[in-house]
Amino acid sequence: MSDYIVEMKHITKRFPGIVANDDVSIGIKKGEIFALLGENGAGKSTLMSMLGGMYEPDEGEIYIRGEKVTISSPNHAAKLNIGMVHQHFKLVSDYTITENIILGVEPIRKFAGLFPYVDIRNANRKIEELSKSFGLEVDPTKKIADLNVSMQQRVEILKVLYREADILIFDEPTAVLTPQEIEFLLEIIKGLRDGGKTIILITHKLDEIKKVADRCAVLNKGKLVDVLDVKTTSVNRMAQLMVGREVSFEAEKAPAEFKEEVLKVEHLTVKNEDGFEVVKDVSFTIRGGEIFAIAGVADNGQVEIADAIAGLTKVSGGTIFLGGKDITNETIRNRTEAGISYIPEDRHSFGLFLDFDLATNLALKQYYREPYSSKGILNKEEFEQSGSRLIDKYDIRSGQGVKTQVRSMSGGNQQKAIIAREIELQSPLMIFVQPTRGVDIGAIENIHKMIIEERDRGKAILLISLELDEIMNVADTIGVIYNGQLQKIASRESLTTNEVGEYMMGAKHE
Amino acid sequence: MDTVIIDGLSFALPLFIMAIGGIYSEKSGITNLALEGFQGFGAFIGALSAILIANAFGTDIQDLFYVALLFAMVGGMVFAIIHAVLCIKFKANQVISGVVINILALALTTFLTTQINSLVFGTASDKFQLGVMERFTISGLADIPVIGAIFTNVYPFEVIIIVIAIFAWYLLYKTKFGMRLRACGENPHSVDAAGVDVAKIRYTAVLISGLLSGLGGMCFAYSISANFSSSIYMGYGFLAIAALIFGNWKIIPTLAACLLFGFAKSGGAFIAQSMALPSSYTDLFMILPYVVTLLLLIFFSKSNRAPKALGEIYDKGKR
Amino acid sequence: GNSEEKAESGKDGEGLKIAIVTSLTGVDDGNFNENNYNGILSFIKNHPTATVKAIKEETGDPAAGVQAVADIVADYDVIVTPGFQFAGISSVALENPDKTFILIDSEPTPVGDQTEFDNIYSMMFAEQESGFFAGMAAALETKSNKVAVVNGIAYPSNVNYQFGFESGVNYANKVFGKDVEVVELSGYAGTDVTGADVGGNYAGSFGDEATGKVIGNALIKKGVDQIFVAAGGTGNGVFTAVKEAKGDVKVIGCDVDQFDDGVNGSENIVLTSAAKFMGMNVEKQLNAIVDGSFKSGNVVLHADTDSTGFIKEEGRHQLSEGTLNKMNEAYELVKGGKIVPASNFNGHTPEKFPGL
Amino acid sequence: MSKDNKNINLRNRLIRLMRKEKWQSISIPLVAIIMSFIAAAIVILLIGKNPLQAFCNLFQGAGILPKPSYAGYKSMLTDFMSLLNAMTPLLFASLAVAVAFRAGLFNIGVAGQMLVSGFFATIIVGYSGLDAIIAKPLVLLIGIIAGGLMGGLVGWLKYKFNINEVVSTIMLNYIAQYIISFFIQMYYINPVSRQSQYISEAARLTLVNVEVGDLKMDIPLGFVLAIITAILIKYVMDKTVVGFDIKAVGSNRNAAKYSGINVGRNTVLAMVISGSLAGLAGVTYYLGYYASIQPKVLSDIGFDSIAVALLGNSHPIGVIFSSSLISIIDQGSTYMSSQAGIRQEISSVIVGLILLFSACGVYMKYKISCMSEKVEERKESKS
Ligand SMILES: Nc1ncnc2c1ncn2[C@@H]1O[C@H](COP(=O)(O)OP(=O)(O)OP(=O)(O)O)[C@@H](O)[C@H]1O
Ligand SMILES: Nc1ncnc2c1ncn2[C@@H]1O[C@H](COP(=O)(O)OP(=O)(O)OP(=O)(O)O)[C@@H](O)[C@H]1O
Ligand SMILES: [Mg+2]
Ligand SMILES: [Mg+2]
C-alpha cells in the first residue's frame with residue numbers, strides 16, 4: 001500500500017498526569033536512517049517503546065510492512081523483526097556476552113536425547129561469527145562486568161542482530177561514547193543501513209543526525225512538530241524547531257582571569273575494589289577562575305579522581321590540598337565544609353534521594369547546620385523557603401513545587417536541582433562530572449552558562465566529561481587522561497580537538 | 001560416632017532441599033523468608049492427605065509416605081502462591097510478606113489440624129499421626145569404616161532429596177529456564193527486554209521453593225516424630241535461609257553449610273553424651289553451628305554477593 | 001464448709017457450667033489433658049444440661065495460667081485445671097469463694113500459711129505405683145535384660161514414675177530371679193525440685209520430640225528393648241525411634257492408654273501403659289458437687305481406689321499370660337499396702353522399699 | 001438505573017476519599033483490617049458460630065467492652081490494665097523493628113535482644129534485693145544497654161564485615177537462646193516452675209495485684225514509658241538531624257555517603273537504637289508481664305513485632321495503634337474461646353489475615369490511583 005516499512009498513525013500515549021505522545025503520526029521508509037529529535041521528556045523513548053513492545057498505545061494504529069499490528073511484547077516485536085537498543089543497557093553483568101545475547105532465544109540441545117540444555121559452545125561460535133561479519137568484534141566468553149561501556153553497547157547491538165532484526169531502534173546510543181567510539185558506531189549504523197536494515201535513531205546531538213540520518217522527526221512536549229529532510233535542513237533550524245527558540249552552540253566566555261591556587265593534587269593514586277590501580281600518580285592544580293577539564297575515554301580513572309577529591313573513594317597514595325590545607329584524609333562532610341561542591345556522575349544513585357521531596361534534596365548539603373537546623377533540630381520551614389527560592393532562581397520545574405518527589409521529575413530538572421544545590425554552597429572548588437549527560441541542548445546551554453558564571457566569580461572548577469566538544473567549548477585548561485595517567489596538561493588554546501583525541505586514545509604522550 | 005553422621009545427614013538433607021528452594025526464589029529476585037511457613041503448610045497437607053487416603057481406602061498409613069511426600073510438595077507449592085502473588089502481583093515488601101506467611105501458616109495449620117480432627121475424624125487431637133518411614137542399610141557399603149555410616153540407617157527420603165537436588169542443580173545451571181531465572185535476580189529488565197515474562201519466571205521460582213520446602217517439611221515430620229503437629233515449626237526455615245546466604249546462593253556451598261549445621265548439631269549432642277555432662281551442657285554444644293557460621297561469615301561475607309535485584313520490586317515502567 | 005451452696009448453684013447438675021483450662025497442648029492432646037476432659041464429657045453424658053468449655057493457655061507460664069483462669073472464672077461454676085502450671089489458682093479461689101476448682105497433679109500454692117482451700121479439690125496420684133507395674137512388665141518381658149525409663153522434667157510426678165519403675169524392676173529381679181539392668185544415659189540425669197540428682201533419662205522438656213528421639217536411639221543402641229516413656233510430647237520422639245528400629249523393642253505408655261500411638265504398620269510397639277485414672281476421678285468429683293457431697297482437700301490417690309494401675313484390657317496390651325498373672329498378683333499387694341514402691345519424697349528408695 | 005448511578009457515585013466518593021495521600025496511611029490499614037474481619041467472619045460462619053458474638057467477646061475479653069459478669073476483684077478496668085500490660089512489650093518491640101526499617105535494616109533479632117536484656121536485668125537487679133526506687137530504673141537502664149549492645153553488634157557486623165543482618169540476627173537469636181538457657185538451668189533455675197527464679201517485686205516493672213477500691217489489678221509502669229518513647233521516636237525521626245541521617249541511610253546508602261553522612265556509624269546507631277528498644281521490650285516482658293524467664297524459648301513477640309510494625313506503616317504513632325489491635329485480639333481470645341466456643345487459634349488466624357491484607361497495601365495504593373485516574377477521566381469526558 002505504501003512504501004513505509006513502519007507507520008505509526010495518530011498515536012497517543014498517556015501516563016498518570018502527562019500525555020507523553022499526543023496524536024503523533026510518522027512513517028519510516030525501508031532502508032533509511034530516521035532520526036528522532038526532541039527535548040528531555042518530549043516523548044521520544046515512549047514512542048519507540050511502543051514499537052519495541054514495551055508499551056501499547058492508548059490510541060492510534062501501528063502498521064509494519066503495511067500490516068496493522070498490535071505489538072504486545074518485546075518478543076512480539078522481535079517476531080516482527082524489530083529490535084531496540086535501549087538507552088539504559090539491559091545486560092546481566094554476571095553473564096557472559098553469549099549468555100546475554102541468547103537470553104530468551106537459547107539454542108537447545110539434548111543430553112542423551114532426554115535432558116535439554118543450553119548449548120553455550122555452539123552459541124559462542126555463532127556469535128563470534130556474527131560479530132565479525134558486522135565488524136563488531138567481541139570475545140563471546142567475556143563477562144559483561146569486565147567490559148567497558150562501548151563494548152557493552154556492541155553486545156546490545158549484537159543482541160538485536162542475533163534475533164535477525166531488520167528494523168533497529170537506537171535510543172541515545174552515543175550519550176556514553178567517546179568521539180572515536182561515536183565515529184565508529186555511526187559507521188556501523190551506516191553499514192547496517194547499507195546492508196538493507198532500517199534504522200531509527202534517537203539522539204540529542206544534531207551533528208550526528210546531520211552526519212548519518214536521512215530524515216528526522218522533531219517532537220515537542222509529546223506532539224510531532226515536523227518531519228525534516230536532513231540534507232536540506234540546517235542544524236540551527238533543527239535546534240530551533242526542537243527547543244522553540246534560537247540556541248547557541250558556542251558557549252560565550254570571557255578570557256579567564258586566574259587567581260590563587262585552590263586545589264592541588266600531588267601524586268594521587270587510587271585503587272579499586274580489586275586492588276587494581278585505576279589512578280596512577282596524578283598531579284595537577286586548579287586556580288580560582290579556572291576551568292580545568294579532564295578529557296578521556298570512559299573508565300580511564302577520571303571519575304575516581306573526582307571521587308577521591310570529594311572523599312567518596314579512599315586514596316592509596318598522594319596528597320590533596322584544598323586552599324593550602326591537606327584534606328587527603330578528611331571525611332566527606334569536612335571536605336564539603338572546607339569548600340567542595342560536587343555534581344556526581346550518577347545522579348540517581350548518588351546525587352539525589354529519589355524518594356525524598358525536592359526541598360529536602362535541595363538542602364542535602366546543609367541540613368545539619370544553621371539555618372536549616374539548630375542544635376540538632378531540623379527547621380522544616382527553612383527547607384521549604386530556601387527550596388522555593390532555589391526553584392525560582394534556577395528555574396527548576398516540578399509538578400508540586402518543593403513538595404515534589406524527585407523521582408517523578410524529568411532528568412534535566414533533576415540535574416538542575418543538583419547544580420542549584422551545589423552552586424548555592426558557594427564552595428571555592430566545584431567538581432562537575434558529566435554535567436550534561438542525557439540533557440537536551442537547551443538545558444546544556446544553560447548548564448554551560450552556569451559553569452562559566454561560577455568561574456567568573458572566581459571559583460576553581462574541575463570539569464570531567466566524555467564529550468570532547470563540551471570540553472573544547474568550556475575549558476580553560478585541559479588534562480587528558482589515559483589508563484589512569486594524565487598524559488598531557490595544557491591550556492585550551494594550545495590544543496586542537498584532534499590532538500586531545502589522540503592523547504585520549506593513548507596514541508600520543510609526552 | 002556413627003550416630004553423628006547418620007543423624008547429621010538426616011537433619012542436613014531436608015534442610016538442604018529447603019535451602020535449594022530458597023535459592024530458586026532468591027536467585028529469581030524474590031526474597032524468601034517464608035520457607036518456614038511453606039515447610040509447615042506442606043507437611044500439613046502431606047500428613048492430611050496420607051490420613052485421608054488411609055481413611056478412605058483403608059490403606060495402611062505405613063505405606064503412604066511417598067504419597068505424603070508428594071502431597072507435601074503440592075501443599076508447599078499451593079501455599080507459596082500467596083507469597084508469589086503478594087510479592088509479584090501486589091508488589092508487597094518481600095521480607096514482610098515472608099514473615100506474615102510464617103505467622104499465617106502456623107495459625108492456620110494448628111487451627112485446621114484440630115478442627116479437621118474433630119470435624120472429619122471425630123477425634124480430639126492436635127496432630128496427624130503418620131507411620132514411620134522405614135530406614136534401610138546398604139549392606140556392603142555400610143561396612144566401610146567411618147564412611148559406612150552414610151549408608152547405614154538411611155531414610156528413603158534422603159535418596160529422594162539427593163536425586164531432586166541434582167536435578168535442581170541441572171535445572172538451574174544448564175537449562176534455559178535456569179538461565180532466565182538467574183538473570184531475573186540479576187537484572188529483570190534484561191529478561192523483560194529479551195521478551196521473557198519476568199513475572200512468570202518468578203512465579204515459577206517461588207512455587208518451586210514452596211514445593212521443595214514442603215518436601216523438606218514432610219521429611220522433618222517423618223524423621224523427628226512421624227506425625228504432623230505445630231512442633232514442626234522449629235525455626236528450620238530460617239536456618240535454611242542462613243545456610244543459603246552462607247553458601248553464597250550457590251547449591252554446592254549451601255550443601256556444605258547444611259552439612260555443617262547437621263554435623264555440628266548431632267556432634268554437639270554426641271559430645272555432650274559421651275563426656276557425660278549434665279544435659280544442661282548440651283545447650284552449650286548446641287550453639288556450635290551458629291557460632292561457627294558467624295565466625296565463618298566474618299571471613300567470607302566480604303566476597304558474598306546477593307543477587308543484584310534481590311528484594312527489588314520489579315516495575316517495567318521504572319528505570 | 002460451703003459445699004451446700006455449690007450444690008444449689010448446680011441444681012442437680014442442672015446447667016452446671018464447667019470450664020477446663022489446659023496448657024498449650026489443649027484438651028485434645030490424646031493424653032494427659034484429654035483424659036481429664038473425657039471425665040468431664042462422661043459426666044455430661046449423664047447430666048446433659050451441664051456444659052463444658054475448653055480453654056488453653058499458650059505460654060506454659062504459671063502466672064499466665066493463673067491469669068487465664070482469672071479471665072474466665074466469672075462465667076463458670078467449676079474450673080478444672082490439669083497440670084502443675086495451675087497450682088497458683090489458690091489466689092483466684094480465695095477471691096471467688098462461690099466457684100469450685102478441681103486441680104490435677106499438684107497441690108495448690110499456699111496463700112500465706114493456708115495450704116488447703118474450701119473450694120479446691122486437688123488430686124495427685126501415686127505415680128510410683130503405676131511406674132512399679134511398668135517396671136515389672138519391662139523386667140519380665142525383656143529379652144536383652146536391659147530396660148530404661150525416659151522422662152520429661154524431674155517434677156515429683158515424673159520422678160515418682162521413674163522411682164516406681166526402678167522399684168518394679170528390682171522387685172522382678174528379686175522375686176522372679178531376673179537379672180535386668182536399668183540403663184541410664186549419663187548426659188540426661190534429672191534434678192528434682194529440691195535440686196537433688198535423681199539419675200534417669202530426662203529430656204529436660206515435655207515438648208522436645210527431637211531430643212526424645214535422640215535419647216530413644218541412644219538407648220536402643222545400648223541394647224535396651226523395653227522403654228517406659230513418661231515424657232509427654234517428648235515421648236513421641238522415643239516412640240518414633242522405636243518404630244524405626246524395627247527390632248523387638250517395645251515401649252510402655254504412660255498416664256493413659258497409649259496403645260493407639262503404638263501402631264506401626266501391622267504391628268504395635270506398646271507393651272502396656274502405666275496409667276493414672278484421672279478422668280474417672282474428675283467425674284467422681286463433679287458428681288459429688290452435684291449431689292452435694294463435695295469435700296475439698298488435697299488428696300493423693302492410690303491403687304486402693306483403682307486410681308493407679310496399668311492397662312490390662314484384652315487387645316490393648318501385649319503382655320504374656322504369665323507376666324499378666326504376676327502383675328495382677330502384685331497389684332493386690334500394692335492395693336493392700338504390702339508393697340510400697342519408692343517415690344520422690346516417701347522416704348523409700350528403689351533399692352529398699354516395703355515389700356521388696 | 002438511578003440506583004446504579006448512586007452506587008457509582010458512592011464508589012467514586014470512596015475512591016476520592018481514599019486517594020488523599022495523607023489519609024492513605026490510615027485508610028489502607030483500616031481497609032485491610034475490615035477485610036480481614038470479614039474473612040474471619042466467613043470462617044467463623046463456616047464452622048457454624050456467630051461471628052458478631054465472637055468479635056464482641058474478643059473486645060470484652062480485652063477490656064474494651066464490658067462483660068456480663070465479673071469474677072471477684074475484677075472489672076472491665078482490670079481487664080483493660082491486663083491488656084496494656086501485655087501490649088507494652090509488643091509496642092516496644094514493634095518500635096524496635098520500625099526504627100531499623102527506617103534505616104533499611106531488618107531486625108529479625110528482636111526476640112534474642114529481648115532475651116539477653118531480660119536475662120541481664122533479671123540476674124543483676126531481679127535477684128539483688130535493691131529498693132524499688134533504684135531497682136526499677138536500673139532494670140530499664142540495663143535493658144537499654146544490653147539490647148543496645150546486642151543490636152549494635154549486628155550493625156557493626158554488617159558495616160564492618162558485610163554480614164547480612166538477617167543472618168546475623170538469626171544466628172544470635174539461637175546463640176542467646178541456648179547460652180541463656182544453659183545459665184538459667186545451671187544457676188538460676190526454680191526447680192518447681194522450671195523457669196528462672198522469680199524476681200523480686202521491687203524489680204518488677206508491672207505492679208501486680210494492686211488493690212484499688214475493691215479491685216485487684218496489674219499496673220504496667222512500662223506502658224506510659226512506651227507511649228512516651230513512641231512519641232519521642234517520632235520526634236527524633238521527623239524533626240532531628242539524627243533521624244534525618246538514619247532515614248537517609250535507609251533510603252539510599254550511596255546518596256547518604258555522598259551527602260557526607262557517615263553510613264557506617266548511622267547503621268550501627270540505628271541498630272543500637274533498635275536494640276535498645278528491643279531491650280526495653282525484653283525487660284517489660286520478662287520483668288514486667290512475667291517475672292521469670294523460660295529457658296530455651298524465644299518470645300513470639302520477636303516475630304509478631306515485624307508484622308505489627310508493618311501494619312503501623314513503620315510509623316511510631318501507627319505502631320501504637322497496630323500493637324493495640326493485635327494485643328486486643330490476642331488478649332480477648334481466651335474469653336472468646338470460652339464464650340463463643342471457637343478455638344483460640346482462630347484469633348491467630350485473624351491476626352494472620354490482617355497482616356496478609358495489610359501486606360497488600362502497596363497494591364491497594366496503586367489500584368486506588370488507577371481507579372481515581374479513571375474516575376477523573378470519566379468526569380472529564382462528561383463535562
Ligand atoms: N513509565 C512511565 N510512567 C510515567 N510517566 C512516564 C513513563 N515513561 C515516561 N513518562 C513520561 O512521559 C514523558 C515522555 O518521556 P520519554 O521517556 O518518552 O521522553 P524522552 O523524549 O525519551 O526524553 P529523554 O530525552 O530525556 O530521553 C516524560 O514526561 C516522562 O515523565
Ligand atoms: N515512572 C516514571 N514516572 C514519572 N516520570 C518518569 C518515570 N520514569 C521516567 N520518568 C521520566 O521520564 C523522562 C525520560 O526518562 P529517561 O530515563 O529517558 O531520561 P533521563 O531521566 O534524562 O535519563 P538519562 O539521564 O539517563 O538520559 C525523565 O524525565 C524521567 O524522569
Ligand atoms: Mg528517552
Ligand atoms: Mg535521556
# chains A, B, ... in the order shown; residues from 1 in each chain; ligands from 1

$ interface_residues --of "chain D" --to "chain B" --cutoff "6 Å" --atoms "only C-alpha atoms" --output "ChimeraX atom specification"
/D:161-163,167,171,175,178,182,345,348-349,352,359-360,363

$ write_last_selection --atoms "all heavy atoms" --output "tab-separated table (two decimals), in the first residue's frame"
chain	number	residue	atom	x	y	z
D	161	PHE	N	31.84	-6.16	58.35
D	161	PHE	CA	32.13	-7.40	57.62
D	161	PHE	C	31.09	-7.71	56.55
D	161	PHE	O	31.11	-8.78	55.96
D	161	PHE	CB	32.20	-8.58	58.59
D	161	PHE	CG	33.26	-8.44	59.62
D	161	PHE	CD1	32.93	-8.13	60.93
D	161	PHE	CD2	34.59	-8.58	59.29
D	161	PHE	CE1	33.90	-7.99	61.89
D	161	PHE	CE2	35.57	-8.45	60.25
D	161	PHE	CZ	35.23	-8.14	61.54
D	162	ASN	N	30.15	-6.80	56.35
D	162	ASN	CA	29.16	-7.01	55.30
D	162	ASN	C	28.29	-8.24	55.58
D	162	ASN	O	27.83	-8.92	54.68
D	162	ASN	CB	29.87	-7.17	53.95
D	162	ASN	CG	28.90	-7.19	52.80
D	162	ASN	OD1	27.84	-6.58	52.87
D	162	ASN	ND2	29.23	-7.93	51.75
D	163	ILE	N	28.10	-8.55	56.88
D	163	ILE	CA	27.27	-9.72	57.20
D	163	ILE	C	25.80	-9.30	57.18
D	163	ILE	O	25.39	-8.41	57.93
D	163	ILE	CB	27.64	-10.31	58.57
D	163	ILE	CG1	29.09	-10.80	58.53
D	163	ILE	CG2	26.70	-11.44	58.93
D	163	ILE	CD1	29.54	-11.45	59.80
D	167	VAL	N	20.83	-12.78	58.61
D	167	VAL	CA	21.54	-13.98	59.06
D	167	VAL	C	22.12	-13.78	60.45
D	167	VAL	O	21.95	-14.62	61.33
D	167	VAL	CB	22.68	-14.34	58.09
D	167	VAL	CG1	23.33	-15.63	58.52
D	167	VAL	CG2	22.15	-14.47	56.69
D	171	MET	N	21.28	-16.06	63.76
D	171	MET	CA	22.33	-16.79	64.47
D	171	MET	C	22.39	-16.34	65.93
D	171	MET	O	22.46	-17.15	66.84
D	171	MET	CB	23.70	-16.55	63.81
D	171	MET	CG	23.83	-17.08	62.41
D	171	MET	SD	23.67	-18.85	62.32
D	171	MET	CE	22.27	-19.01	61.26
D	175	ILE	N	22.02	-18.37	69.47
D	175	ILE	CA	23.12	-18.38	70.43
D	175	ILE	C	22.64	-17.88	71.79
D	175	ILE	O	22.87	-18.50	72.83
D	175	ILE	CB	24.30	-17.54	69.91
D	175	ILE	CG1	24.89	-18.22	68.66
D	175	ILE	CG2	25.37	-17.38	70.98
D	175	ILE	CD1	25.94	-17.40	67.93
D	178	TYR	N	20.33	-20.48	73.57
D	178	TYR	CA	20.96	-21.64	74.18
D	178	TYR	C	21.87	-21.25	75.35
D	178	TYR	O	21.87	-21.90	76.39
D	178	TYR	CB	21.76	-22.43	73.14
D	178	TYR	CG	20.89	-23.25	72.24
D	178	TYR	CD1	20.80	-23.00	70.88
D	178	TYR	CD2	20.12	-24.30	72.77
D	178	TYR	CE1	19.99	-23.78	70.06
D	178	TYR	CE2	19.30	-25.06	71.95
D	178	TYR	CZ	19.24	-24.80	70.59
D	178	TYR	OH	18.44	-25.55	69.79
D	182	PHE	N	21.36	-22.31	79.17
D	182	PHE	CA	22.37	-23.00	79.97
D	182	PHE	C	22.53	-22.35	81.34
D	182	PHE	O	22.49	-23.02	82.37
D	182	PHE	CB	23.71	-22.99	79.22
D	182	PHE	CG	24.88	-23.47	80.04
D	182	PHE	CD1	25.05	-24.82	80.29
D	182	PHE	CD2	25.78	-22.56	80.57
D	182	PHE	CE1	26.12	-25.27	81.05
D	182	PHE	CE2	26.85	-23.00	81.34
D	182	PHE	CZ	27.02	-24.35	81.57
D	345	GLU	N	-7.25	-20.61	68.39
D	345	GLU	CA	-6.34	-20.45	67.25
D	345	GLU	C	-6.93	-19.50	66.20
D	345	GLU	O	-6.21	-18.92	65.42
D	345	GLU	CB	-6.03	-21.79	66.58
D	345	GLU	CG	-5.11	-22.67	67.38
D	345	GLU	CD	-5.89	-23.58	68.31
D	345	GLU	OE1	-7.11	-23.34	68.49
D	345	GLU	OE2	-5.30	-24.51	68.85
D	348	SER	N	-5.35	-16.21	66.14
D	348	SER	CA	-4.09	-16.10	65.39
D	348	SER	C	-4.37	-16.04	63.91
D	348	SER	O	-3.66	-15.38	63.16
D	348	SER	CB	-3.18	-17.30	65.66
D	348	SER	OG	-3.23	-17.65	67.00
D	349	VAL	N	-5.41	-16.77	63.49
D	349	VAL	CA	-5.76	-16.73	62.07
D	349	VAL	C	-6.20	-15.31	61.69
D	349	VAL	O	-5.80	-14.80	60.64
D	349	VAL	CB	-6.86	-17.76	61.74
D	349	VAL	CG1	-7.29	-17.63	60.29
D	349	VAL	CG2	-6.37	-19.16	62.01
D	352	GLY	N	-3.21	-13.22	61.42
D	352	GLY	CA	-2.53	-13.55	60.16
D	352	GLY	C	-3.20	-12.90	58.97
D	352	GLY	O	-2.54	-12.35	58.10
D	359	ALA	N	-0.28	-6.40	54.02
D	359	ALA	CA	0.91	-6.52	53.16
D	359	ALA	C	0.57	-6.14	51.72
D	359	ALA	O	1.45	-5.84	50.93
D	359	ALA	CB	1.46	-7.95	53.21
D	360	CYS	N	-0.70	-6.17	51.40
D	360	CYS	CA	-1.11	-5.79	50.04
D	360	CYS	C	-1.29	-4.28	49.90
D	360	CYS	O	-1.76	-3.80	48.86
D	360	CYS	CB	-2.42	-6.45	49.66
D	360	CYS	SG	-2.46	-8.21	49.91
D	363	TYR	N	-0.25	-2.46	46.81
D	363	TYR	CA	-1.08	-2.75	45.66
D	363	TYR	C	-2.37	-1.94	45.72
D	363	TYR	O	-2.82	-1.38	44.73
D	363	TYR	CB	-1.39	-4.24	45.64
D	363	TYR	CG	-2.19	-4.68	44.45
D	363	TYR	CD1	-1.63	-4.68	43.18
D	363	TYR	CD2	-3.51	-5.10	44.60
D	363	TYR	CE1	-2.35	-5.09	42.09
D	363	TYR	CE2	-4.24	-5.52	43.51
D	363	TYR	CZ	-3.66	-5.51	42.26
D	363	TYR	OH	-4.38	-5.91	41.18

$ interface_residues --of "chain C" --to "chain D" --cutoff "7 Å" --atoms "only C-alpha atoms" --output "list in words"
Lys53, Ala54, Ile55, Asp71, Ile72, Val73, Ala74, Asp75, Glu95, Asn96, Tyr155, Asp192, Val193, Thr194 and Gly195 of chain C

$ write_last_selection --atoms "C-alpha atoms" --output "PDB file, in the first residue's frame"
ATOM      1  CA  LYS C  53     -15.765 -25.142  77.640  1.00  0.00           C
ATOM      2  CA  ALA C  54     -12.166 -25.936  76.940  1.00  0.00           C
ATOM      3  CA  ILE C  55      -9.670 -23.119  77.136  1.00  0.00           C
ATOM      4  CA  ASP C  71     -10.049 -14.184  82.976  1.00  0.00           C
ATOM      5  CA  ILE C  72     -12.863 -16.649  82.655  1.00  0.00           C
ATOM      6  CA  VAL C  73     -13.750 -17.677  86.188  1.00  0.00           C
ATOM      7  CA  ALA C  74     -16.762 -15.385  86.352  1.00  0.00           C
ATOM      8  CA  ASP C  75     -18.719 -17.364  83.827  1.00  0.00           C
ATOM      9  CA  GLU C  95     -11.248 -14.303  95.548  1.00  0.00           C
ATOM     10  CA  ASN C  96     -14.092 -16.392  94.154  1.00  0.00           C
ATOM     11  CA  TYR C 155       8.849 -32.885  88.673  1.00  0.00           C
ATOM     12  CA  ASP C 192      14.326 -32.900  91.189  1.00  0.00           C
ATOM     13  CA  VAL C 193      12.502 -29.977  92.727  1.00  0.00           C
ATOM     14  CA  THR C 194      14.800 -29.955  95.727  1.00  0.00           C
ATOM     15  CA  GLY C 195      17.808 -29.826  93.458  1.00  0.00           C
TER      16      GLY C 195
END

$ atom_distance --atom1 "CA of Asp207 (chain A)" --atom2 "CA of Thr496 (chain A)"
18.7 Å

$ atom_distance --atom1 "CA of Phe84 (chain C)" --atom2 "CA of Gln162 (chain C)"
17.9 Å

$ closest_residue --among "A:Ser131, A:Asn21, A:Asn329, A:Ser349" --to "chain B" --atoms "only C-alpha atoms"
A:Ser349
